[in-house]
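Okay, structure first, notes after.
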2 protein chains.
Amino acid sequence: MSRTAVAKEKLLNAALGVIREKGYAATTVDDLCARAGVTKGAFFHHFKSKDALGVAAAQHWSTVTGALFERAPYHDHPDPLDRVLAYIDFRRALLDGAIPEVTCVVGTMVQETYGQHPEIRDACAMSIFGHADTLVDDIHAAMRDRGVTGNWSAESCCTYAGGAPGRLHLGQGEGDVDVAVEREHLRRYVELLFSQPVTAPRRQ
Amino acid sequence: MSRTAVAKEKLLNAALGVIREKGYAATTVDDLCARAGVTKGAFFHHFKSKDALGVAAAQHWSTVTGALFERAPYHDHPDPLDRVLAYIDFRRALLDGAIPEVTCVVGTMVQETYGQHPEIRDACAMSIFGHADTLVDDIHAAMRDRGVTGNWSAESCCTYAGGAPGRLHLGQGEGDVDVAVEREHLRRYVELLFSQPVTAPRRQ
DNA sequence: TGCCGCATACCAACTGGTTGGTATGCTCGT
DNA sequence: ACGAGCATACCAACCAGTTGGTATGCGGCA
C-alpha cells in the first residue's frame, strides 16, 4: 500500500460528472479517462471492469453526499421537526441554488442497471436507503414530541421525504423551478402530518 | 401509406419493453428487432435512426398509457376530489397489481437522454406533462368545491401527484411494497390538503 | 547511508467483438 | 409494373478489455 493513487480518485470524481450527464450505459471508459486526465491502463489498473467502477462510483457518491449532509446546517435546530423541515429546505436549496451538480447520480444509475447489473443496483440501493436512514431518528423524535401516531412508519416517511423527484431533467433551464415546487409540496405534507395528530382516513 | 406496416407497431411495442428493462442507451437496435421478430432492414425502413425510434417510442407510450388512463374507472366518481384520490389509488394498483409492466418508460428515458438527445427529452416531457394535465380539471373543481385556496397551484399539484417515484427498481421482488407505501403518503397528502383549509387548523 | 528487490501506479498501442447504419434485392398487393 | 414492406449481407466506427512496458516509492539489509 503506497501513496497517492490519484488516478483512482480522479476517475471516481469524473464518473459522478459524466454519468450524471450521459447516463451510465452511454458513458464510455474513454470518456471517464479523458475527463479524469488519465489513460485506460490506469482505469483498468484500479477497476477490474466498467461495472466495478459503477459500484465504486455509487459508494463514492454516498460518501460525498453523506459528508455534505452531515455538515449541513439543518442539524442545528433544537426541535426535531424543525430539523426535518430544514432538511427538506436544504435539499430544495441544493436544486435551485448554485449547486446544480447535486442531482442524484445513483437514482439515474439504478434505473439503467437494475436489470443488468445487480451489483450496481444494490450499491445504489444502499446509498439511497442509507441516506434516508439519517432522517429516521429525527422523525421518530418529532412523532414522540408531538404525540403523532399516524398509521405510517417513520421509515417510509423518510424514504418518501428523501426521495429525489424523478424528472429533474425535464425543463432545461427555466423550467427547473418545477422541482422546487415539488419540494414545497413535500414540505407542506410534513407540516400537515404533524399539525394534525390523528390521521383518520377519509373513505375508501 | 396503405396496408399492414405491422413491423412498425411490433417495433414500438418491443421498444417499450426492452427500454424499460435495459434502459435506452443499453438497448441495441438488434435487441429491438429480435424482440419484435423483424430484421434490421425493417427497422431502418420505418425509423431513420435509433433516436428517431426513441421519440416515436415516447409518443407511443403516451398514446398507450393515455388510453389506459382514459378508460380507467376512477373517472366515474361524481365528486372531483374522489376522482383525484381514486386516480392515486389506481396508479398504486398498477404497481402492486398484476400489471407491473407499467413502470414509467419515459421517466427512464429522459434521465439518460436529457443531455444528449434533446428531441427524445422533449418527447418525454410532453408525455409526462401531458399526462399530468389530465388531472388539472379535477383538482381545480375540487378546490372550488371545498373552497380550498392554498398558496399552491393545481398544476404543480398535478405534476406532484402524477409523478412516478424514481426508485421503482430498488427492491426487486419483495421490497416493491415500498413504492406502494409512497403512494399512500401521496394519498394522505391530498386528503390533508383538502380536509384542512389552509388558514384554520382544526381538530380531528 | 546507499542500494536492491519488489509492489504499486500509470501509460501507449492494440484487438476482437459489437453496434448503428447502408446497399441491394425479394415479394406481394394494387 | 411499381412502390411499399421487409429481408440478407455487409461495413466502418466504436468500445471494453488486454498486453507489455515504464516510473516511482517503500521496506529491508549491508
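The chains in the C-alpha cells are called A, B, ... from first to last as shown; in each chain the residues are counted from 1, and the ligands are counted from 1 in the order shown.
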Which residues, written as a CSV table (one decimal) with N, CA and C atoms (P, O5', C5', C4', C3', O3' and C1' of nucleotides), in the first residue's frame, have at least one atom at most 10 Å from segment 6-15 of chain C, with only C-alpha atoms (C1' of nucleotides) counted and residues fewer than 2 positions away on the same chain left out?
chain,number,residue,atom,x,y,z
A,1,MET,N,0.8,-1.2,0.0
A,1,MET,CA,0.0,0.0,0.0
A,1,MET,C,0.9,1.3,0.0
A,2,SER,N,0.9,1.9,-1.1
A,2,SER,CA,1.8,3.1,-1.1
A,2,SER,C,0.9,4.3,-1.3
A,3,ARG,N,1.5,5.4,-1.6
A,3,ARG,CA,0.9,6.7,-1.5
A,3,ARG,C,0.0,7.0,-2.8
A,4,THR,N,-0.5,8.2,-2.8
A,4,THR,CA,-1.1,8.8,-3.9
A,4,THR,C,-2.4,8.0,-4.4
A,5,ALA,N,-2.2,7.2,-5.5
A,5,ALA,CA,-3.4,6.6,-6.2
A,5,ALA,C,-4.3,7.7,-6.6
A,6,VAL,N,-3.8,8.7,-7.2
A,6,VAL,CA,-4.5,9.9,-7.5
A,6,VAL,C,-5.5,9.7,-8.7
A,7,ALA,N,-5.1,8.8,-9.6
A,7,ALA,CA,-5.9,8.5,-10.7
A,7,ALA,C,-7.2,7.9,-10.3
A,8,LYS,N,-7.2,7.0,-9.3
A,8,LYS,CA,-8.5,6.4,-8.9
A,8,LYS,C,-9.5,7.5,-8.4
A,38,VAL,N,-6.5,10.7,-17.3
A,38,VAL,CA,-5.6,9.5,-17.2
A,38,VAL,C,-5.9,8.6,-18.4
A,39,THR,N,-5.2,7.5,-18.4
A,39,THR,CA,-5.3,6.6,-19.6
A,39,THR,C,-6.1,5.4,-19.2
A,40,LYS,N,-6.4,4.6,-20.2
A,40,LYS,CA,-7.2,3.4,-20.0
A,40,LYS,C,-6.4,2.4,-19.1
A,41,GLY,N,-5.1,2.4,-19.3
A,41,GLY,CA,-4.3,1.5,-18.4
A,41,GLY,C,-4.5,1.8,-17.0
A,42,ALA,N,-4.6,3.1,-16.6
A,42,ALA,CA,-4.8,3.4,-15.2
A,42,ALA,C,-6.2,3.0,-14.8
A,43,PHE,N,-7.1,3.1,-15.7
A,43,PHE,CA,-8.5,2.8,-15.3
A,43,PHE,C,-8.6,1.3,-14.9
A,45,HIS,N,-6.3,-0.6,-14.2
A,45,HIS,CA,-5.5,-1.0,-13.0
A,45,HIS,C,-6.2,-0.9,-11.7
A,46,HIS,N,-7.1,0.1,-11.7
A,46,HIS,CA,-7.8,0.4,-10.4
A,46,HIS,C,-9.2,-0.3,-10.4
C,4,DC,P,22.5,-2.1,-6.2
C,4,DC,O5',21.8,-3.5,-6.0
C,4,DC,C5',21.9,-4.1,-4.7
C,4,DC,C4',20.6,-4.7,-4.3
C,4,DC,C3',19.8,-5.2,-5.5
C,4,DC,O3',19.4,-6.5,-5.2
C,4,DC,C1',18.5,-3.8,-4.0
C,17,DG,P,-13.8,-12.4,-31.6
C,17,DG,O5',-15.2,-11.9,-31.0
C,17,DG,C5',-15.3,-11.6,-29.7
C,17,DG,C4',-16.2,-10.3,-29.5
C,17,DG,C3',-17.5,-10.4,-30.2
C,17,DG,O3',-18.5,-10.0,-29.3
C,17,DG,C1',-16.4,-8.4,-30.8
D,17,DG,P,-15.4,-4.5,-19.5
D,17,DG,O5',-14.0,-5.1,-19.9
D,17,DG,C5',-13.9,-6.2,-20.8
D,17,DG,C4',-12.5,-6.3,-21.3
D,17,DG,C3',-11.4,-6.4,-20.3
D,17,DG,O3',-10.7,-7.7,-20.4
D,17,DG,C1',-10.8,-5.0,-22.1
D,18,DT,P,-9.4,-8.0,-19.6
D,18,DT,O5',-8.3,-7.9,-20.7
D,18,DT,C5',-8.5,-8.4,-22.0
D,18,DT,C4',-7.2,-8.5,-22.7
D,18,DT,C3',-5.9,-8.9,-21.9
D,18,DT,O3',-5.1,-9.8,-22.6
D,18,DT,C1',-5.6,-6.8,-22.9
D,19,DT,P,-3.9,-10.5,-21.9
D,19,DT,O5',-2.6,-10.0,-22.8
D,19,DT,C5',-2.8,-9.3,-24.0
D,19,DT,C4',-1.6,-8.6,-24.4
D,19,DT,C3',-0.3,-9.0,-23.5
D,19,DT,O3',0.8,-9.0,-24.3
D,19,DT,C1',-0.7,-6.7,-23.4
D,20,DG,P,2.1,-9.9,-23.8
D,20,DG,O5',3.3,-8.8,-24.0
D,20,DG,C5',3.1,-7.7,-24.9
D,20,DG,C4',3.9,-6.5,-24.3
D,20,DG,C3',5.0,-6.9,-23.4
D,20,DG,O3',6.1,-6.1,-23.7
D,20,DG,C1',3.6,-5.3,-22.4
D,21,DG,P,7.6,-6.3,-23.0
D,21,DG,O5',8.0,-4.9,-22.5
D,21,DG,C5',7.8,-3.8,-23.3
D,21,DG,C4',7.4,-2.6,-22.4
D,21,DG,C3',8.4,-2.2,-21.3
D,21,DG,O3',9.2,-1.2,-21.8
D,21,DG,C1',6.1,-1.9,-20.7
D,22,DT,P,10.5,-0.8,-20.8
D,22,DT,O5',10.0,0.5,-20.1
D,22,DT,C5',9.5,1.6,-20.8
D,22,DT,C4',8.9,2.6,-19.8
D,22,DT,C3',9.9,3.1,-18.7
D,22,DT,O3',9.9,4.5,-18.6
D,22,DT,C1',8.0,2.3,-17.7
D,23,DA,P,10.9,5.3,-17.8
D,23,DA,O5',10.1,5.7,-16.4
D,23,DA,C5',9.0,6.5,-16.5
D,23,DA,C4',8.3,6.6,-15.2
D,23,DA,C3',9.3,7.1,-14.1
D,23,DA,O3',8.7,8.0,-13.2
D,23,DA,C1',8.2,5.1,-13.4
D,24,DT,P,9.5,9.0,-12.4
D,24,DT,O5',8.8,8.9,-11.0
D,24,DT,C5',7.5,8.5,-10.8
D,24,DT,C4',7.3,7.7,-9.5
D,24,DT,C3',8.3,8.1,-8.4
D,24,DT,O3',7.6,8.3,-7.2
D,24,DT,C1',8.1,5.7,-8.6
D,25,DG,P,8.1,9.4,-6.2
D,25,DG,O5',8.0,8.5,-4.8
D,25,DG,C5',6.7,8.2,-4.3
D,25,DG,C4',6.8,6.8,-3.8
D,25,DG,C3',7.5,6.6,-2.4
D,25,DG,O3',6.6,6.1,-1.5
D,25,DG,C1',8.1,4.9,-3.9
D,26,DC,P,6.9,6.4,0.1
D,26,DC,O5',6.9,5.0,0.8
D,26,DC,C5',6.2,3.9,0.2
D,26,DC,C4',6.8,2.6,0.6
D,26,DC,C3',7.7,2.7,1.9
D,26,DC,O3',7.4,1.6,2.7
D,26,DC,C1',8.9,1.7,0.2
D,27,DG,P,7.7,1.7,4.3
D,27,DG,O5',8.3,0.3,4.7
D,27,DG,C5',7.7,-0.9,4.1
D,27,DG,C4',8.7,-2.0,4.0
D,27,DG,C3',9.6,-2.2,5.3
D,27,DG,O3',9.7,-3.5,5.5
D,27,DG,C1',10.9,-1.8,3.3
RMSD after least-squares fit, chain B onto chain A [all C-alpha atoms, in order]: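 It comes to 2.5 Å after superposition.
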Residue set, segment 28-116 of chain B restricted to helix (DSSP H, G or I), as a PyMOL selection string: chain B and resi 29-36+40-46+50-70+73-76+80-96+100-102+105-113
Surrounding residues of Asp79 of chain B excluding itself and chain neighbours under 5 positions, 12 Å, only C-alpha atoms (C1' of nucleotides), as a list in words: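 Contacts, in chain order: Tyr74, Val84, Leu85, Ala86, Asp138, Ile139, His140, Ala141, Ala142, Met143, Arg144, Asp145 and Arg146 of chain B.
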What would the file look like if the residues just selected were written as a PDB file, in the first residue's frame with C-alpha atoms?
ATOM      1  CA  TYR B  74     -61.576   6.482 -11.473  1.00  0.00           C
ATOM      2  CA  VAL B  84     -58.236  12.534  -7.758  1.00  0.00           C
ATOM      3  CA  LEU B  85     -57.916  10.133  -4.847  1.00  0.00           C
ATOM      4  CA  ALA B  86     -59.139   7.267  -6.966  1.00  0.00           C
ATOM      5  CA  ASP B 138     -60.459  17.629 -11.379  1.00  0.00           C
ATOM      6  CA  ILE B 139     -58.153  19.378  -8.954  1.00  0.00           C
ATOM      7  CA  HIS B 140     -59.482  22.780  -9.919  1.00  0.00           C
ATOM      8  CA  ALA B 141     -63.007  21.524  -9.409  1.00  0.00           C
ATOM      9  CA  ALA B 142     -62.104  20.001  -6.073  1.00  0.00           C
ATOM     10  CA  MET B 143     -60.548  23.251  -4.924  1.00  0.00           C
ATOM     11  CA  ARG B 144     -63.660  25.148  -5.944  1.00  0.00           C
ATOM     12  CA  ASP B 145     -65.989  22.646  -4.299  1.00  0.00           C
ATOM     13  CA  ARG B 146     -64.216  22.707  -0.966  1.00  0.00           C
TER      14      ARG B 146
END
Neighbours of chain B in chain D at 9 Å, counting only C-alpha atoms (C1' of nucleotides), as a PyMOL selection string: chain D and resi 4-8
Quick check: residues of chain C within 10 Å of chain B, only C-alpha atoms (C1' of nucleotides), returned as a CSV table (one decimal) with C-alpha atoms (C1' of nucleotides), in the first residue's frame.
chain,number,residue,atom,x,y,z
C,18,DT,C1',-20.3,-5.2,-31.1
C,19,DT,C1',-23.3,-1.6,-33.0
C,20,DG,C1',-25.6,1.9,-35.7
C,21,DG,C1',-26.3,2.3,-40.3
C,22,DT,C1',-26.3,1.1,-45.6
C,29,DG,C1',-50.9,-6.2,-53.2
Sorted by chain and rising residue number, which residues of chain A lie within 6 Å of chain B, and what are their closest atom pairs and distances in Å to one decimal, counting only C-alpha atoms, as CSV?
residue,atom,partner,partner_atom,distance
A:Gly23,CA,B:Glu112,CA,4.9
A:Ala25,CA,B:Ala26,CA,5.7
A:Ala26,CA,B:Ala25,CA,5.7
A:Glu112,CA,B:Gly23,CA,4.9
A:Ala125,CA,B:Leu170,CA,5.8
A:Tyr160,CA,B:Glu182,CA,6.0
A:Gly166,CA,B:Gly166,CA,4.7
A:Leu170,CA,B:Ala125,CA,5.7
A:Glu182,CA,B:Tyr160,CA,6.0
A:Tyr189,CA,B:Tyr189,CA,5.5
Just the selected residues (N, CA and C atoms), exported as a PDB file, in the first residue's frame, please.
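Below you can see selection_22.pdb, which holds the result:
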ATOM      1  N   GLY A  23     -25.576   9.436 -18.478  1.00  0.00           N
ATOM      2  CA  GLY A  23     -26.104   8.147 -18.056  1.00  0.00           C
ATOM      3  C   GLY A  23     -24.994   7.120 -18.003  1.00  0.00           C
ATOM      4  N   ALA A  25     -24.862   3.806 -19.105  1.00  0.00           N
ATOM      5  CA  ALA A  25     -24.603   2.986 -20.293  1.00  0.00           C
ATOM      6  C   ALA A  25     -23.911   3.800 -21.385  1.00  0.00           C
ATOM      7  N   ALA A  26     -24.294   5.042 -21.525  1.00  0.00           N
ATOM      8  CA  ALA A  26     -23.731   5.858 -22.587  1.00  0.00           C
ATOM      9  C   ALA A  26     -22.342   6.371 -22.230  1.00  0.00           C
ATOM     10  N   GLU A 112     -31.003   2.440 -14.959  1.00  0.00           N
ATOM     11  CA  GLU A 112     -30.396   1.817 -16.131  1.00  0.00           C
ATOM     12  C   GLU A 112     -29.881   0.428 -15.838  1.00  0.00           C
ATOM     13  N   ALA A 125     -28.951   1.124  -4.082  1.00  0.00           N
ATOM     14  CA  ALA A 125     -29.971   0.975  -3.056  1.00  0.00           C
ATOM     15  C   ALA A 125     -29.397   1.299  -1.684  1.00  0.00           C
ATOM     16  N   TYR A 160     -39.823   8.533   1.608  1.00  0.00           N
ATOM     17  CA  TYR A 160     -40.645   9.456   0.830  1.00  0.00           C
ATOM     18  C   TYR A 160     -40.018  10.841   0.794  1.00  0.00           C
ATOM     19  N   GLY A 166     -38.132  12.397  -9.858  1.00  0.00           N
ATOM     20  CA  GLY A 166     -37.546  11.667 -10.963  1.00  0.00           C
ATOM     21  C   GLY A 166     -37.370  12.476 -12.227  1.00  0.00           C
ATOM     22  N   LEU A 170     -36.329  17.514 -16.972  1.00  0.00           N
ATOM     23  CA  LEU A 170     -37.331  17.796 -17.984  1.00  0.00           C
ATOM     24  C   LEU A 170     -37.240  19.211 -18.508  1.00  0.00           C
ATOM     25  N   GLU A 182     -42.141  21.093  -6.217  1.00  0.00           N
ATOM     26  CA  GLU A 182     -42.418  19.784  -5.638  1.00  0.00           C
ATOM     27  C   GLU A 182     -41.912  19.676  -4.212  1.00  0.00           C
ATOM     28  N   TYR A 189     -46.662  18.764   3.140  1.00  0.00           N
ATOM     29  CA  TYR A 189     -47.156  17.466   3.609  1.00  0.00           C
ATOM     30  C   TYR A 189     -46.640  17.167   5.007  1.00  0.00           C
TER      31      TYR A 189
END
d(atom CA of Tyr87 of chain B, atom CA of Arg91 of chain A) in Å: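 Atom-to-atom, atom CA of Tyr87 of chain B to atom CA of Arg91 of chain A, that is 28.3 Å.
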Distance query DC29 of chain D at most 12 Å, only C-alpha atoms (C1' of nucleotides), self and fewer than 4 positions along chain excluded, as number ranges by chain: C: 1-5
